[in-house]
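The structure file input21.cif is reproduced below (mmCIF, C-alpha atoms and all ligand atoms).
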```cif
data_entry
loop_
_atom_site.group_PDB
_atom_site.id
_atom_site.type_symbol
_atom_site.label_atom_id
_atom_site.label_comp_id
_atom_site.auth_asym_id
_atom_site.auth_seq_id
_atom_site.Cartn_x
_atom_site.Cartn_y
_atom_site.Cartn_z
ATOM 1 C CA MET A 1 15.863 119.061 116.144
ATOM 2 C CA THR A 2 13.112 121.529 116.817
ATOM 3 C CA GLY A 3 9.884 119.678 117.645
ATOM 4 C CA CYS A 4 11.604 116.691 119.282
ATOM 5 C CA SER A 5 10.221 115.822 122.701
ATOM 6 C CA GLN A 6 11.895 112.445 123.192
ATOM 7 C CA ALA A 7 15.307 111.008 122.344
ATOM 8 C CA PHE A 8 16.521 107.405 122.440
ATOM 9 C CA ILE A 9 20.216 106.620 122.563
ATOM 10 C CA PHE A 10 20.833 103.170 121.044
ATOM 11 C CA PHE A 11 23.861 101.891 122.881
ATOM 12 C CA GLY A 12 25.389 98.495 122.167
ATOM 13 C CA PRO A 13 28.312 96.654 120.626
ATOM 14 C CA PRO A 14 29.007 96.631 116.896
ATOM 15 C CA GLY A 15 26.540 94.346 115.142
ATOM 16 C CA ALA A 16 23.961 94.475 117.957
ATOM 17 C CA GLY A 17 21.382 95.667 115.413
ATOM 18 C CA LYS A 18 21.318 99.392 116.300
ATOM 19 C CA GLY A 19 21.140 100.404 112.639
ATOM 20 C CA THR A 20 18.538 97.750 111.777
ATOM 21 C CA LEU A 21 16.244 98.691 114.682
ATOM 22 C CA SER A 22 16.710 102.403 113.890
ATOM 23 C CA GLN A 23 15.709 101.779 110.283
ATOM 24 C CA MET A 24 12.516 100.024 111.394
ATOM 25 C CA CYS A 25 11.639 102.970 113.658
ATOM 26 C CA VAL A 26 12.281 105.401 110.787
ATOM 27 C CA GLU A 27 10.128 103.394 108.346
ATOM 28 C CA LYS A 28 7.302 102.288 110.644
ATOM 29 C CA LEU A 29 7.131 105.186 113.120
ATOM 30 C CA ARG A 30 8.597 108.048 111.066
ATOM 31 C CA TRP A 31 11.144 108.775 113.796
ATOM 32 C CA SER A 32 14.318 110.718 112.990
ATOM 33 C CA GLN A 33 17.742 109.091 113.259
ATOM 34 C CA LEU A 34 21.336 110.159 113.529
ATOM 35 C CA SER A 35 23.897 107.392 112.978
ATOM 36 C CA THR A 36 27.351 108.838 113.560
ATOM 37 C CA GLY A 37 28.812 105.776 111.775
ATOM 38 C CA ASP A 38 26.722 106.481 108.631
ATOM 39 C CA LEU A 39 27.607 110.169 108.834
ATOM 40 C CA PHE A 40 31.341 109.389 108.959
ATOM 41 C CA ARG A 41 31.132 106.826 106.144
ATOM 42 C CA LYS A 42 29.421 109.498 104.019
ATOM 43 C CA HIS A 43 32.256 111.948 104.751
ATOM 44 C CA ARG A 44 34.788 109.267 103.726
ATOM 45 C CA SER A 45 33.046 108.401 100.482
ATOM 46 C CA GLU A 46 32.663 112.074 99.574
ATOM 47 C CA GLY A 47 36.342 112.722 100.411
ATOM 48 C CA THR A 48 35.599 115.723 102.655
ATOM 49 C CA GLU A 49 38.200 117.183 105.035
ATOM 50 C CA ILE A 50 36.500 115.386 107.958
ATOM 51 C CA GLY A 51 36.478 112.199 105.840
ATOM 52 C CA ARG A 52 40.275 112.401 105.464
ATOM 53 C CA GLN A 53 40.774 113.011 109.191
ATOM 54 C CA ILE A 54 38.704 109.998 110.253
ATOM 55 C CA ASP A 55 39.863 107.556 107.572
ATOM 56 C CA PHE A 56 42.346 105.660 109.735
ATOM 57 C CA ALA A 57 40.044 105.408 112.776
ATOM 58 C CA ILE A 58 37.191 103.923 110.742
ATOM 59 C CA LYS A 59 39.392 101.452 108.839
ATOM 60 C CA SER A 60 41.038 100.131 111.985
ATOM 61 C CA GLY A 61 37.947 100.100 114.227
ATOM 62 C CA LYS A 62 39.196 102.834 116.573
ATOM 63 C CA LEU A 63 37.033 105.734 117.768
ATOM 64 C CA VAL A 64 36.925 109.046 115.940
ATOM 65 C CA ALA A 65 38.217 111.937 118.100
ATOM 66 C CA ASP A 66 35.578 113.322 120.490
ATOM 67 C CA GLU A 67 35.856 116.936 119.185
ATOM 68 C CA LEU A 68 35.096 115.847 115.619
ATOM 69 C CA VAL A 69 32.187 113.692 116.750
ATOM 70 C CA ILE A 70 30.655 116.492 118.819
ATOM 71 C CA LYS A 71 31.058 119.020 116.014
ATOM 72 C CA SER A 72 29.359 116.667 113.539
ATOM 73 C CA VAL A 73 26.500 115.959 115.969
ATOM 74 C CA ILE A 74 25.913 119.668 116.642
ATOM 75 C CA ASP A 75 25.826 120.394 112.891
ATOM 76 C CA TRP A 76 23.275 117.601 112.431
ATOM 77 C CA ILE A 77 21.105 118.699 115.386
ATOM 78 C CA GLU A 78 20.892 122.235 114.015
ATOM 79 C CA SER A 79 19.423 121.116 110.711
ATOM 80 C CA ALA A 80 17.438 118.000 111.688
ATOM 81 C CA ASP A 81 13.684 117.624 111.230
ATOM 82 C CA CYS A 82 11.638 115.794 113.818
ATOM 83 C CA PRO A 83 8.221 115.082 112.237
ATOM 84 C CA ALA A 84 7.109 112.461 114.803
ATOM 85 C CA GLY A 85 8.694 114.200 117.806
ATOM 86 C CA VAL A 86 11.165 111.379 118.492
ATOM 87 C CA VAL A 87 14.838 111.102 117.560
ATOM 88 C CA ILE A 88 17.274 108.178 117.766
ATOM 89 C CA PHE A 89 20.976 108.599 118.354
ATOM 90 C CA ASP A 90 22.509 105.419 116.917
ATOM 91 C CA GLY A 91 26.069 104.811 118.106
ATOM 92 C CA PHE A 92 26.442 108.152 119.875
ATOM 93 C CA PRO A 93 27.623 108.939 122.574
ATOM 94 C CA ARG A 94 30.422 106.366 122.818
ATOM 95 C CA THR A 95 32.627 107.964 125.460
ATOM 96 C CA VAL A 96 31.940 109.735 128.750
ATOM 97 C CA VAL A 97 33.333 112.953 127.224
ATOM 98 C CA GLN A 98 30.746 112.752 124.401
ATOM 99 C CA ALA A 99 27.934 111.887 126.842
ATOM 100 C CA ARG A 100 28.787 114.780 129.184
ATOM 101 C CA LEU A 101 28.935 117.332 126.359
ATOM 102 C CA PHE A 102 25.728 115.950 124.847
ATOM 103 C CA ILE A 103 23.785 116.142 128.116
ATOM 104 C CA GLU A 104 25.016 119.713 128.679
ATOM 105 C CA LEU A 105 23.895 120.623 125.161
ATOM 106 C CA VAL A 106 20.475 119.030 125.675
ATOM 107 C CA LYS A 107 19.994 120.837 129.010
ATOM 108 C CA GLU A 108 20.886 124.158 127.425
ATOM 109 C CA LYS A 109 19.062 123.913 124.078
ATOM 110 C CA PHE A 110 16.329 121.298 124.597
ATOM 111 C CA PRO A 111 15.506 121.366 128.324
ATOM 112 C CA LYS A 112 12.199 119.543 127.806
ATOM 113 C CA LEU A 113 13.676 116.671 125.788
ATOM 114 C CA ARG A 114 13.185 113.294 127.549
ATOM 115 C CA LEU A 115 16.337 111.232 127.190
ATOM 116 C CA ASN A 116 16.450 107.419 127.417
ATOM 117 C CA VAL A 117 19.263 104.989 126.791
ATOM 118 C CA ILE A 118 18.409 101.605 125.260
ATOM 119 C CA GLU A 119 21.202 99.126 125.855
ATOM 120 C CA LEU A 120 21.134 96.404 123.176
ATOM 121 C CA GLU A 121 22.531 93.233 124.700
ATOM 122 C CA ILE A 122 24.251 90.540 122.631
ATOM 123 C CA ALA A 123 27.122 88.100 123.208
ATOM 124 C CA ASP A 124 30.483 88.768 121.552
ATOM 125 C CA GLU A 125 30.381 85.454 119.626
ATOM 126 C CA ALA A 126 27.031 86.432 118.084
ATOM 127 C CA VAL A 127 28.537 89.780 117.049
ATOM 128 C CA MET A 128 31.463 88.027 115.340
ATOM 129 C CA ALA A 129 29.038 85.807 113.392
ATOM 130 C CA ARG A 130 26.688 88.669 112.444
ATOM 131 C CA LEU A 131 29.412 91.001 111.235
ATOM 132 C CA GLY A 132 31.184 88.263 109.260
ATOM 133 C CA ALA A 133 27.858 87.746 107.437
ATOM 134 C CA ARG A 134 26.814 91.394 107.001
ATOM 135 C CA ARG A 135 26.704 92.743 103.452
ATOM 136 C CA ILE A 136 25.796 96.270 102.419
ATOM 137 C CA CYS A 137 24.753 97.765 99.115
ATOM 138 C CA GLN A 138 27.787 99.392 97.498
ATOM 139 C CA ASN A 139 25.624 102.215 96.107
ATOM 140 C CA LYS A 140 26.576 105.146 98.383
ATOM 141 C CA SER A 141 23.106 106.643 98.275
ATOM 142 C CA CYS A 142 21.462 103.305 99.206
ATOM 143 C CA GLN A 143 23.641 101.362 101.695
ATOM 144 C CA ALA A 144 20.849 98.864 102.522
ATOM 145 C CA VAL A 145 22.001 96.155 104.952
ATOM 146 C CA TYR A 146 21.738 92.353 104.453
ATOM 147 C CA SER A 147 23.030 89.144 105.966
ATOM 148 C CA THR A 148 24.344 85.966 104.343
ATOM 149 C CA GLN A 149 23.651 84.094 107.585
ATOM 150 C CA ASN A 150 20.127 85.081 108.520
ATOM 151 C CA LEU A 151 17.121 84.494 106.236
ATOM 152 C CA GLU A 152 15.323 87.492 107.755
ATOM 153 C CA PHE A 153 17.908 89.710 106.051
ATOM 154 C CA ALA A 154 18.725 87.727 102.905
ATOM 155 C CA PRO A 155 18.459 89.584 99.583
ATOM 156 C CA ARG A 156 15.935 88.189 97.059
ATOM 157 C CA VAL A 157 18.728 87.668 94.506
ATOM 158 C CA GLU A 158 22.068 86.558 95.936
ATOM 159 C CA GLY A 159 24.642 89.361 95.958
ATOM 160 C CA LYS A 160 22.190 92.040 94.696
ATOM 161 C CA CYS A 161 20.424 94.809 96.554
ATOM 162 C CA ASP A 162 16.601 94.472 96.721
ATOM 163 C CA VAL A 163 16.207 98.254 96.715
ATOM 164 C CA CYS A 164 18.414 99.398 93.819
ATOM 165 C CA GLY A 165 19.852 96.207 92.291
ATOM 166 C CA ASP A 166 23.493 97.216 92.887
ATOM 167 C CA GLU A 167 26.187 94.802 94.146
ATOM 168 C CA LEU A 168 26.405 93.815 97.813
ATOM 169 C CA VAL A 169 29.819 94.164 99.452
ATOM 170 C CA GLN A 170 31.417 93.784 102.874
ATOM 171 C CA ARG A 171 32.043 96.879 104.974
ATOM 172 C CA GLU A 172 35.790 97.483 105.237
ATOM 173 C CA ASP A 173 35.682 97.340 109.050
ATOM 174 C CA ASP A 174 33.827 93.977 108.921
ATOM 175 C CA SER A 175 36.278 92.407 106.493
ATOM 176 C CA LYS A 176 38.808 91.112 109.051
ATOM 177 C CA ALA A 177 38.027 89.314 112.328
ATOM 178 C CA GLU A 178 40.908 91.237 113.942
ATOM 179 C CA ILE A 179 39.226 94.617 113.221
ATOM 180 C CA VAL A 180 35.865 93.386 114.534
ATOM 181 C CA ARG A 181 37.561 92.131 117.725
ATOM 182 C CA ASN A 182 39.199 95.540 118.063
ATOM 183 C CA ARG A 183 35.808 97.300 117.732
ATOM 184 C CA LEU A 184 34.375 94.998 120.399
ATOM 185 C CA ALA A 185 37.318 95.710 122.702
ATOM 186 C CA VAL A 186 36.843 99.475 122.232
ATOM 187 C CA TYR A 187 33.134 99.091 123.081
ATOM 188 C CA HIS A 188 33.833 97.085 126.259
ATOM 189 C CA GLN A 189 36.532 99.555 127.291
ATOM 190 C CA HIS A 190 33.970 102.402 127.466
ATOM 191 C CA GLU A 191 30.800 100.462 128.334
ATOM 192 C CA GLY A 192 31.029 100.424 132.160
ATOM 193 C CA ALA A 193 32.062 104.061 132.536
ATOM 194 C CA LEU A 194 29.273 105.244 130.225
ATOM 195 C CA LEU A 195 26.571 103.251 132.004
ATOM 196 C CA ASN A 196 27.797 104.583 135.380
ATOM 197 C CA PHE A 197 27.778 108.094 133.987
ATOM 198 C CA TYR A 198 24.122 107.745 132.891
ATOM 199 C CA ARG A 199 23.104 106.322 136.282
ATOM 200 C CA GLU A 200 24.888 109.112 138.151
ATOM 201 C CA ASN A 201 23.193 111.723 135.961
ATOM 202 C CA GLY A 202 19.673 110.326 136.279
ATOM 203 C CA VAL A 203 19.405 109.109 132.666
ATOM 204 C CA ARG A 204 17.245 105.985 132.477
ATOM 205 C CA VAL A 205 18.959 102.943 130.934
ATOM 206 C CA THR A 206 16.775 100.031 129.779
ATOM 207 C CA GLN A 207 18.122 96.703 128.524
ATOM 208 C CA LEU A 208 16.832 95.145 125.311
ATOM 209 C CA ASP A 209 17.636 91.553 124.302
ATOM 210 C CA ALA A 210 19.165 92.063 120.839
ATOM 211 C CA GLN A 211 19.743 88.382 120.192
ATOM 212 C CA LYS A 212 16.106 87.649 119.351
ATOM 213 C CA SER A 213 14.684 87.811 115.811
ATOM 214 C CA MET A 214 14.346 91.322 114.410
ATOM 215 C CA ASP A 215 10.546 91.268 114.643
ATOM 216 C CA GLU A 216 10.742 90.255 118.317
ATOM 217 C CA VAL A 217 13.354 92.927 119.012
ATOM 218 C CA PHE A 218 11.118 95.578 117.440
ATOM 219 C CA GLU A 219 7.995 94.311 119.251
ATOM 220 C CA ASN A 220 9.792 94.303 122.621
ATOM 221 C CA PHE A 221 11.183 97.748 121.940
ATOM 222 C CA GLU A 222 7.709 99.112 121.145
ATOM 223 C CA LYS A 223 6.387 97.662 124.440
ATOM 224 C CA MET A 224 9.301 99.249 126.259
ATOM 225 C CA VAL A 225 8.568 102.643 124.698
ATOM 226 C CA LYS A 226 4.941 102.464 125.891
ATOM 227 C CA GLU A 227 6.086 101.628 129.441
ATOM 228 C CA ILE A 228 8.614 104.460 129.440
ATOM 229 C CA GLN A 229 6.059 107.067 128.288
HETATM 230 P P1 LIG B 301 29.048 102.353 113.338
HETATM 231 O O1 LIG B 301 28.618 102.357 111.936
HETATM 232 O O2 LIG B 301 28.157 102.954 114.374
HETATM 233 O O3 LIG B 301 29.418 100.858 113.691
HETATM 234 P P2 LIG B 301 29.150 99.977 114.970
HETATM 235 O O4 LIG B 301 28.835 100.623 116.262
HETATM 236 O O5 LIG B 301 30.350 99.098 114.975
HETATM 237 O O6 LIG B 301 27.812 99.313 114.648
HETATM 238 P P3 LIG B 301 27.454 98.572 113.362
HETATM 239 O O7 LIG B 301 26.973 99.489 112.295
HETATM 240 O O8 LIG B 301 28.600 97.647 112.969
HETATM 241 O O9 LIG B 301 26.299 97.584 113.884
HETATM 242 P P4 LIG B 301 24.778 97.813 114.219
HETATM 243 O O10 LIG B 301 24.583 97.648 115.681
HETATM 244 O O11 LIG B 301 24.213 99.023 113.570
HETATM 245 O O12 LIG B 301 24.231 96.490 113.510
HETATM 246 P P5 LIG B 301 23.335 96.297 112.189
HETATM 247 O O13 LIG B 301 21.954 96.785 112.437
HETATM 248 O O14 LIG B 301 24.035 96.748 110.945
HETATM 249 O O15 LIG B 301 30.465 103.067 113.497
HETATM 250 C C1 LIG B 301 31.537 102.752 112.606
HETATM 251 C C2 LIG B 301 32.792 103.481 113.044
HETATM 252 O O16 LIG B 301 32.553 104.909 113.050
HETATM 253 C C3 LIG B 301 33.276 103.194 114.472
HETATM 254 O O17 LIG B 301 34.074 102.010 114.535
HETATM 255 C C4 LIG B 301 34.077 104.456 114.777
HETATM 256 O O18 LIG B 301 35.324 104.426 114.135
HETATM 257 C C5 LIG B 301 33.240 105.549 114.132
HETATM 258 N N1 LIG B 301 32.231 106.151 115.034
HETATM 259 C C6 LIG B 301 30.883 106.102 114.896
HETATM 260 N N2 LIG B 301 30.273 106.759 115.906
HETATM 261 C C7 LIG B 301 31.265 107.238 116.702
HETATM 262 C C8 LIG B 301 31.275 107.982 117.922
HETATM 263 N N3 LIG B 301 30.135 108.376 118.516
HETATM 264 N N4 LIG B 301 32.480 108.266 118.479
HETATM 265 C C9 LIG B 301 33.637 107.901 117.891
HETATM 266 N N5 LIG B 301 33.698 107.185 116.736
HETATM 267 C C10 LIG B 301 32.522 106.852 116.158
HETATM 268 O O19 LIG B 301 23.281 94.679 112.170
HETATM 269 C C11 LIG B 301 24.447 93.921 111.953
HETATM 270 C C12 LIG B 301 24.116 92.678 111.108
HETATM 271 O O20 LIG B 301 23.253 91.838 111.840
HETATM 272 C C13 LIG B 301 23.389 92.996 109.784
HETATM 273 O O21 LIG B 301 23.817 92.093 108.800
HETATM 274 C C14 LIG B 301 21.907 92.767 110.122
HETATM 275 O O22 LIG B 301 21.190 92.349 108.971
HETATM 276 C C15 LIG B 301 22.007 91.664 111.174
HETATM 277 N N6 LIG B 301 20.975 91.761 112.211
HETATM 278 C C16 LIG B 301 20.467 92.891 112.763
HETATM 279 N N7 LIG B 301 19.551 92.580 113.697
HETATM 280 C C17 LIG B 301 19.500 91.213 113.748
HETATM 281 C C18 LIG B 301 18.731 90.284 114.500
HETATM 282 N N8 LIG B 301 17.809 90.671 115.402
HETATM 283 N N9 LIG B 301 18.953 88.980 114.302
HETATM 284 C C19 LIG B 301 19.864 88.538 113.382
HETATM 285 N N10 LIG B 301 20.602 89.371 112.608
HETATM 286 C C20 LIG B 301 20.432 90.695 112.797
#
```
As structure tokens, please, write out the structure in this file.
Ligand code: AP5
Amino acid sequence: MTGCSQAFIFFGPPGAGKGTLSQMCVEKLRWSQLSTGDLFRKHRSEGTEIGRQIDFAIKSGKLVADELVIKSVIDWIESADCPAGVVIFDGFPRTVVQARLFIELVKEKFPKLRLNVIELEIADEAVMARLGARRICQNKSCQAVYSTQNLEFAPRVEGKCDVCGDELVQREDDSKAEIVRNRLAVYHQHEGALLNFYRENGVRVTQLDAQKSMDEVFENFEKMVKEIQ
């Protein structure tokens, strides 16, 4: 992460649009991104030792153990490029333990890094609808994201990926309402403690309305970034 001067933590419930907004920042602004969810899914599909250890947590919508998360994040940080000087942490930290260790690491290794939390706000019912409609490309090296509910994210040809033409499928942890409800419950269980932790440690938290259209979300986020800088 050498060369990074600013970091944004995208914090929000499953389906809030963290991955979608991150992808827009990567494509339009050339920012760097770490999605711990994507990283773990890659481990699972490649059948690595970490992939085997996290299999149950991912399938059932529980959190991966903090030690494994921190180790994976440190490995990523050591090798990451930061061409535009800004990095997004998408879906990390998710517990106070992760946040504390991360802030200690930043203070020690990147003392000049400016850290901001963006809290993506969306109602639980909207999350249930979005995740029921989410489809992803089954090609492991593509994984583009679509929606059967929202025209903004519809593929050009039904059921096929616009990028590589492969089949679109449902993510395993989106496939049952019970698992999605569990993921939401896990998020709400940690939400208050994490936000308090950031406030107590002087990390700025800014709210972003994630229920608007994607273009509006991106536009509002860009305005927010200018105000923060
Ligand atoms: P992860 O992959 O991070 O899942 P998540 O937090 O549940 O978030 P999602 O990927 O489901 O949603 P998103 O907010 O990125 O939404 P998206 O942009 O796709 O983590 C998966 C699992 O890994 C966890 O359950 C856990 O087990 C483990 N894990 C990961 N990090 C961990 C950590 N730090 N500690 C411990 N365990 C960890 O959008 C959703 C849908 O909505 C899409 O279809 C999209 O097209 C659509 N959409 C997006 N924006 C809009 C919009 N503005 N309007 C309408 N539709 C929209």
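The shortest atom-to-atom distance to A:Leu29, with all atoms listed in the file taken into account, belongs to A:Val225 out of A:Leu184, A:Val225, A:Met128, A:Ile118.
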Item to complete: Could you give me, as a PyMOL selection string, the residues within 12 Å of A:Glu167, counting all atoms listed in the file and dropping anything in the same chain fewer than 5 positions from it?
Response: chain A and resi 135-140+142-146+155+157-162
Practice prompt. For the file shown, report as a list in words the outcome of the PyMOL selection byres (((chain A and resi 123) around 10) and not hetatm) at residue level.
Written response: Pro13, Ala16, Glu121, Ile122, Asp124, Glu125, Ala126, Val127, Met128, Ala210 and Gln211 of chain A
Worksheet entry | Shortest interatomic distance to A:Ile58 - which of A:Lys176, A:Lys71, A:Arg204, A:Arg183, counting all atoms listed in the file | A:Arg183
Using all atoms listed in the file, which residues have at least one atom no more than 6 Å from ligand LIG 301 (chain B)? Output them as an mmCIF file with C-alpha atoms, in the coordinates of the input.
```
data_model
loop_
_atom_site.group_PDB
_atom_site.id
_atom_site.type_symbol
_atom_site.label_atom_id
_atom_site.label_comp_id
_atom_site.auth_asym_id
_atom_site.auth_seq_id
_atom_site.Cartn_x
_atom_site.Cartn_y
_atom_site.Cartn_z
ATOM 1 C CA PRO A 13 28.312 96.654 120.626
ATOM 2 C CA PRO A 14 29.007 96.631 116.896
ATOM 3 C CA GLY A 15 26.540 94.346 115.142
ATOM 4 C CA ALA A 16 23.961 94.475 117.957
ATOM 5 C CA GLY A 17 21.382 95.667 115.413
ATOM 6 C CA LYS A 18 21.318 99.392 116.300
ATOM 7 C CA GLY A 19 21.140 100.404 112.639
ATOM 8 C CA THR A 20 18.538 97.750 111.777
ATOM 9 C CA THR A 36 27.351 108.838 113.560
ATOM 10 C CA GLY A 37 28.812 105.776 111.775
ATOM 11 C CA ASP A 38 26.722 106.481 108.631
ATOM 12 C CA ALA A 57 40.044 105.408 112.776
ATOM 13 C CA ILE A 58 37.191 103.923 110.742
ATOM 14 C CA GLY A 61 37.947 100.100 114.227
ATOM 15 C CA LYS A 62 39.196 102.834 116.573
ATOM 16 C CA LEU A 63 37.033 105.734 117.768
ATOM 17 C CA VAL A 64 36.925 109.046 115.940
ATOM 18 C CA VAL A 69 32.187 113.692 116.750
ATOM 19 C CA GLY A 91 26.069 104.811 118.106
ATOM 20 C CA PHE A 92 26.442 108.152 119.875
ATOM 21 C CA PRO A 93 27.623 108.939 122.574
ATOM 22 C CA ARG A 94 30.422 106.366 122.818
ATOM 23 C CA ARG A 130 26.688 88.669 112.444
ATOM 24 C CA LEU A 131 29.412 91.001 111.235
ATOM 25 C CA ARG A 134 26.814 91.394 107.001
ATOM 26 C CA VAL A 145 22.001 96.155 104.952
ATOM 27 C CA TYR A 146 21.738 92.353 104.453
ATOM 28 C CA SER A 147 23.030 89.144 105.966
ATOM 29 C CA ASN A 150 20.127 85.081 108.520
ATOM 30 C CA PHE A 153 17.908 89.710 106.051
ATOM 31 C CA ARG A 183 35.808 97.300 117.732
ATOM 32 C CA ALA A 210 19.165 92.063 120.839
ATOM 33 C CA GLN A 211 19.743 88.382 120.192
ATOM 34 C CA LYS A 212 16.106 87.649 119.351
ATOM 35 C CA SER A 213 14.684 87.811 115.811
ATOM 36 C CA MET A 214 14.346 91.322 114.410
#
```
Item to complete: With a distance cut-off of 12 Å and all atoms listed in the file, select the neighbouring residues of A:Ser22, excluding the residue or stretch itself and same-chain residues fewer than 4 positions from it, and output the selection as a VMD selection string.
Response: chain A and resid 8 to 11 16 to 18 26 to 35 86 to 91 118 120 214 217 to 218 221
Take the residues just selected and output them with C-alpha atoms as a JSON list (two decimals), in the frame of the given file.
```json
[["chain", "number", "residue", "atom", "x", "y", "z"],
["A", 8, "PHE", "CA", 16.52, 107.40, 122.44],
["A", 9, "ILE", "CA", 20.22, 106.62, 122.56],
["A", 10, "PHE", "CA", 20.83, 103.17, 121.04],
["A", 11, "PHE", "CA", 23.86, 101.89, 122.88],
["A", 16, "ALA", "CA", 23.96, 94.48, 117.96],
["A", 17, "GLY", "CA", 21.38, 95.67, 115.41],
["A", 18, "LYS", "CA", 21.32, 99.39, 116.30],
["A", 26, "VAL", "CA", 12.28, 105.40, 110.79],
["A", 27, "GLU", "CA", 10.13, 103.39, 108.35],
["A", 28, "LYS", "CA", 7.30, 102.29, 110.64],
["A", 29, "LEU", "CA", 7.13, 105.19, 113.12],
["A", 30, "ARG", "CA", 8.60, 108.05, 111.07],
["A", 31, "TRP", "CA", 11.14, 108.78, 113.80],
["A", 32, "SER", "CA", 14.32, 110.72, 112.99],
["A", 33, "GLN", "CA", 17.74, 109.09, 113.26],
["A", 34, "LEU", "CA", 21.34, 110.16, 113.53],
["A", 35, "SER", "CA", 23.90, 107.39, 112.98],
["A", 86, "VAL", "CA", 11.16, 111.38, 118.49],
["A", 87, "VAL", "CA", 14.84, 111.10, 117.56],
["A", 88, "ILE", "CA", 17.27, 108.18, 117.77],
["A", 89, "PHE", "CA", 20.98, 108.60, 118.35],
["A", 90, "ASP", "CA", 22.51, 105.42, 116.92],
["A", 91, "GLY", "CA", 26.07, 104.81, 118.11],
["A", 118, "ILE", "CA", 18.41, 101.60, 125.26],
["A", 120, "LEU", "CA", 21.13, 96.40, 123.18],
["A", 214, "MET", "CA", 14.35, 91.32, 114.41],
["A", 217, "VAL", "CA", 13.35, 92.93, 119.01],
["A", 218, "PHE", "CA", 11.12, 95.58, 117.44],
["A", 221, "PHE", "CA", 11.18, 97.75, 121.94]]
```
